[in-house]
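A.B. asks: Quick one: structure below, then a few questions.
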Amino acid sequence: HQHLGQNEDAIKCLDKILEDTPEHLPTLFKKCKLLVKVGKITEGIEGLELIQSKNREEGDPPAEDILNHIGWSWMQKGENKKGLEYVEEALKINLDSDILDSKAVALYNLKRYAESKECYEKIFEMDGNEVDREWVGICLREIGRQEEDNSEKQQKYYEDAIKIFDLILENNKQHSDSWYQKGIINWNLNKFEDAKKCQIEAIKISPNDAYYWQ
């Protein structure tokens, strides 16, 4: 059910398993993650914290996975600072790229863009995923926005961000979001014609993405 996106049905199936084996923590862990996914975040967190309290002896699922998912769940509730605390505890156990990604998201949501950028750079070094390189560029853009308008520092951050998106486009000219991000930054640099060209490229590649038409 879960692989088909039928999360509510999957939860019911897991409940049936838990009726017979209520102490089976991996099954409860799966259920809690699905509860968060369907919006029952408080219930999911309660279950995850219950697993955490029992996990010290069992070791399955791993403690860092539980901490990371508790942190991510709090972030889904908008409690990014609290979520970050759990995620950082998880990273003390295992410097895993998925956990580091949770930290990067929390820091970005807290507007701590320079720290978020550092996390995405580390993740890109670990996994080589262009999505993480894109987020490095987005963080640079947001750092620039925090600088004084039209200052040299702001322009430098914007230009560094454009370089990141150009690197992505060197490898994949069809990366519509990089064109879109370049358009936003060029607009912020008052390069309106360049911004327009970038937006047109993004729309050509992904004409059904309403985000690019804004």
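Ordering of the structure tokens sets the chain letters (A, B, ...), residue numbers begin anew at 1 in every chain, and ligands are numbered from 1 in the order given.
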Write out as a list in words the residues lying within 9 Å of stretch 46-55 of chain A, counting only C-alpha atoms and excluding same-chain residues fewer than 3 positions away.
C.D. replies: Leu25, Pro26, Leu28, Phe29, Lys31, Cys32, Lys33, Ile41, Thr42, Glu43, Glu58, Gly59, Asp60, Pro61, Pro62, Ala63, Ile66, Leu67, His69 and Ile70 of chain A
A.B. asks: Counting only C-alpha atoms, what is within 10 Å of A:Leu110, bar same-chain residues fewer than 4 positions away, as a short mmCIF file (atom, residue, chain, number, x, y, z; two decimals) with N, CA and C atoms, in the first residue's frame?
C.D. replies:
```
data_model
loop_
_atom_site.label_atom_id
_atom_site.label_comp_id
_atom_site.auth_asym_id
_atom_site.auth_seq_id
_atom_site.Cartn_x
_atom_site.Cartn_y
_atom_site.Cartn_z
N GLY A 78 6.33 23.12 12.05
CA GLY A 78 6.84 24.49 12.07
C GLY A 78 7.78 24.76 13.23
N GLU A 79 8.10 23.72 13.99
CA GLU A 79 9.00 23.86 15.15
C GLU A 79 10.42 23.52 14.72
N ASN A 80 11.00 24.39 13.90
CA ASN A 80 12.30 24.08 13.31
C ASN A 80 13.43 24.07 14.33
N LYS A 81 13.37 24.96 15.31
CA LYS A 81 14.43 25.00 16.33
C LYS A 81 14.43 23.71 17.14
N LEU A 84 15.64 20.86 14.97
CA LEU A 84 17.09 20.91 14.77
C LEU A 84 17.83 20.27 15.93
N ALA A 104 20.07 20.83 7.16
CA ALA A 104 20.11 21.91 6.18
C ALA A 104 18.74 22.56 6.01
N VAL A 105 17.69 21.74 5.97
CA VAL A 105 16.33 22.26 5.82
C VAL A 105 15.92 23.09 7.04
N ALA A 106 16.22 22.57 8.23
CA ALA A 106 15.87 23.29 9.46
C ALA A 106 16.57 24.65 9.51
N SER A 116 23.14 26.70 6.49
CA SER A 116 22.44 25.76 5.62
C SER A 116 23.26 25.47 4.37
#
```
A.B. asks: Could you pull out the residues in stretch 39-209 of chain A that DSSP calls helix (DSSP H, G or I) from the backbone, as a PyMOL selection string?
C.D. replies: chain A and resi 41-58+63-76+80-93+97-109+113-127+130-146+152-171+176-188+192-205
A.B. asks: Could you turn the residues from that selection into a file that holds C-alpha atoms, as a CSV table (one decimal), in the first residue's frame?
C.D. replies:
```
chain,number,residue,atom,x,y,z
A,41,ILE,CA,2.1,14.7,13.2
A,42,THR,CA,1.4,14.8,17.0
A,43,GLU,CA,0.4,11.1,17.0
A,44,GLY,CA,3.5,10.3,15.0
A,45,ILE,CA,5.8,12.1,17.3
A,46,GLU,CA,4.3,10.4,20.4
A,47,GLY,CA,5.0,7.1,18.8
A,48,LEU,CA,8.5,8.0,17.8
A,49,GLU,CA,9.3,9.2,21.3
A,50,LEU,CA,7.9,5.9,22.7
A,51,ILE,CA,10.2,4.0,20.3
A,52,GLN,CA,13.2,6.2,21.4
A,53,SER,CA,12.5,5.4,25.1
A,54,LYS,CA,12.6,1.6,24.3
A,55,ASN,CA,15.3,1.7,21.6
A,56,ARG,CA,18.2,1.9,24.0
A,57,GLU,CA,18.3,-1.9,24.4
A,58,GLU,CA,16.9,-3.1,21.1
A,63,ALA,CA,18.8,5.5,17.3
A,64,GLU,CA,19.9,8.1,14.8
A,65,ASP,CA,17.0,7.3,12.4
A,66,ILE,CA,14.5,7.7,15.3
A,67,LEU,CA,16.1,11.0,16.3
A,68,ASN,CA,16.1,12.3,12.8
A,69,HIS,CA,12.5,11.4,12.2
A,70,ILE,CA,11.4,13.0,15.5
A,71,GLY,CA,13.3,16.2,14.4
A,72,TRP,CA,11.8,16.1,10.9
A,73,SER,CA,8.3,15.6,12.4
A,74,TRP,CA,8.7,18.7,14.6
A,75,MET,CA,9.9,20.6,11.5
A,76,GLN,CA,6.6,19.6,9.8
A,80,ASN,CA,12.3,24.1,13.3
A,81,LYS,CA,14.4,25.0,16.3
A,82,LYS,CA,13.2,22.0,18.3
A,83,GLY,CA,13.5,19.8,15.3
A,84,LEU,CA,17.1,20.9,14.8
A,85,GLU,CA,18.0,19.8,18.3
A,86,TYR,CA,16.9,16.3,17.6
A,87,VAL,CA,18.7,16.2,14.2
A,88,GLU,CA,21.9,17.4,15.7
A,89,GLU,CA,21.7,14.6,18.3
A,90,ALA,CA,21.3,12.2,15.4
A,91,LEU,CA,24.4,13.6,13.6
A,92,LYS,CA,26.5,13.0,16.7
A,93,ILE,CA,25.8,9.3,16.2
A,97,SER,CA,23.7,12.6,4.3
A,98,ASP,CA,20.0,12.2,4.9
A,99,ILE,CA,20.3,13.4,8.5
A,100,LEU,CA,22.5,16.3,7.3
A,101,ASP,CA,19.8,17.2,4.8
A,102,SER,CA,17.3,17.5,7.7
A,103,LYS,CA,19.7,19.9,9.4
A,104,ALA,CA,20.1,21.9,6.2
A,105,VAL,CA,16.3,22.3,5.8
A,106,ALA,CA,15.9,23.3,9.5
A,107,LEU,CA,18.6,25.9,9.2
A,108,TYR,CA,17.2,27.3,6.0
A,109,ASN,CA,13.7,27.5,7.5
A,113,TYR,CA,21.3,30.5,5.3
A,114,ALA,CA,25.1,30.5,5.6
A,115,GLU,CA,25.0,27.4,7.9
A,116,SER,CA,22.4,25.8,5.6
A,117,LYS,CA,24.7,26.3,2.6
A,118,GLU,CA,27.6,24.6,4.4
A,119,CYS,CA,25.4,21.6,5.1
A,120,TYR,CA,24.3,21.4,1.4
A,121,GLU,CA,28.0,21.7,0.3
A,122,LYS,CA,28.9,18.7,2.6
A,123,ILE,CA,26.0,16.7,1.3
A,124,PHE,CA,27.0,17.4,-2.3
A,125,GLU,CA,30.6,16.3,-1.5
A,126,MET,CA,29.1,13.1,-0.1
A,127,ASP,CA,26.5,12.2,-2.7
A,130,GLU,CA,22.7,18.2,-8.3
A,131,VAL,CA,19.7,18.9,-6.1
A,132,ASP,CA,22.0,19.7,-3.2
A,133,ARG,CA,24.2,21.9,-5.4
A,134,GLU,CA,21.1,23.8,-6.5
A,135,TRP,CA,20.3,24.4,-2.8
A,136,VAL,CA,23.8,25.8,-2.3
A,137,GLY,CA,22.9,28.4,-5.0
A,138,ILE,CA,19.5,29.1,-3.4
A,139,CYS,CA,21.2,29.7,0.0
A,140,LEU,CA,23.7,32.1,-1.6
A,141,ARG,CA,20.7,34.0,-3.1
A,142,GLU,CA,19.1,34.3,0.3
A,143,ILE,CA,22.3,35.4,1.9
A,144,GLY,CA,22.5,38.1,-0.7
A,145,ARG,CA,19.0,39.2,0.0
A,146,GLN,CA,20.0,39.8,3.7
A,152,GLU,CA,29.0,45.0,-3.4
A,153,LYS,CA,28.5,42.2,-0.9
A,154,GLN,CA,25.0,41.5,-2.1
A,155,GLN,CA,26.1,41.6,-5.8
A,156,LYS,CA,29.0,39.1,-5.0
A,157,TYR,CA,26.6,36.6,-3.4
A,158,TYR,CA,24.2,36.9,-6.3
A,159,GLU,CA,27.0,36.4,-8.8
A,160,ASP,CA,28.3,33.4,-6.9
A,161,ALA,CA,24.7,31.9,-6.9
A,162,ILE,CA,24.5,32.4,-10.7
A,163,LYS,CA,27.8,30.5,-11.1
A,164,ILE,CA,26.3,27.6,-9.2
A,165,PHE,CA,23.3,27.4,-11.5
A,166,ASP,CA,25.5,27.8,-14.5
A,167,LEU,CA,27.5,24.8,-13.4
A,168,ILE,CA,24.3,22.8,-13.2
A,169,LEU,CA,23.2,24.0,-16.6
A,170,GLU,CA,26.6,22.9,-18.1
A,171,ASN,CA,25.7,19.4,-17.2
A,176,SER,CA,14.3,24.3,-15.6
A,177,ASP,CA,14.7,25.3,-12.0
A,178,SER,CA,18.2,26.5,-12.5
A,179,TRP,CA,16.9,28.8,-15.3
A,180,TYR,CA,14.2,30.0,-13.0
A,181,GLN,CA,16.6,30.7,-10.1
A,182,LYS,CA,18.9,32.6,-12.5
A,183,GLY,CA,15.9,34.6,-13.6
A,184,ILE,CA,15.1,35.6,-10.0
A,185,ILE,CA,18.7,36.7,-9.3
A,186,ASN,CA,19.0,38.6,-12.5
A,187,TRP,CA,15.8,40.4,-11.6
A,188,ASN,CA,17.3,41.3,-8.2
A,192,PHE,CA,15.5,42.6,-16.4
A,193,GLU,CA,16.2,41.4,-20.0
A,194,ASP,CA,18.4,38.6,-18.7
A,195,ALA,CA,15.8,37.7,-16.1
A,196,LYS,CA,13.1,37.5,-18.8
A,197,LYS,CA,15.3,35.2,-21.0
A,198,CYS,CA,15.9,32.8,-18.1
A,199,GLN,CA,12.2,32.7,-17.2
A,200,ILE,CA,11.3,31.9,-20.8
A,201,GLU,CA,13.8,29.1,-20.9
A,202,ALA,CA,12.3,27.6,-17.7
A,203,ILE,CA,8.8,27.8,-19.2
A,204,LYS,CA,9.9,26.2,-22.4
A,205,ILE,CA,11.3,23.2,-20.5
```
A.B. asks: May I ask for the distance between atom CA of A:Val36 and atom CA of A:Glu23, given in Å to one decimal place?
C.D. replies: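 That distance, rounded to one decimal, is 20.0 Å.
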A.B. asks: Just the number, please: distance in Å from atom CA of A:Leu34 to atom CA of A:Asn7, one decimal.
C.D. replies: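 Taking atom CA of A:Leu34 and atom CA of A:Asn7, their separation equals 6.4 Å.
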A.B. asks: Considering only C-alpha atoms, can you say which of A:Pro22, A:Glu8, A:Asn94, A:Ala210 comes closest to A:Lys40?
C.D. replies: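 Distance minimum relative to A:Lys40 lands on A:Glu8.
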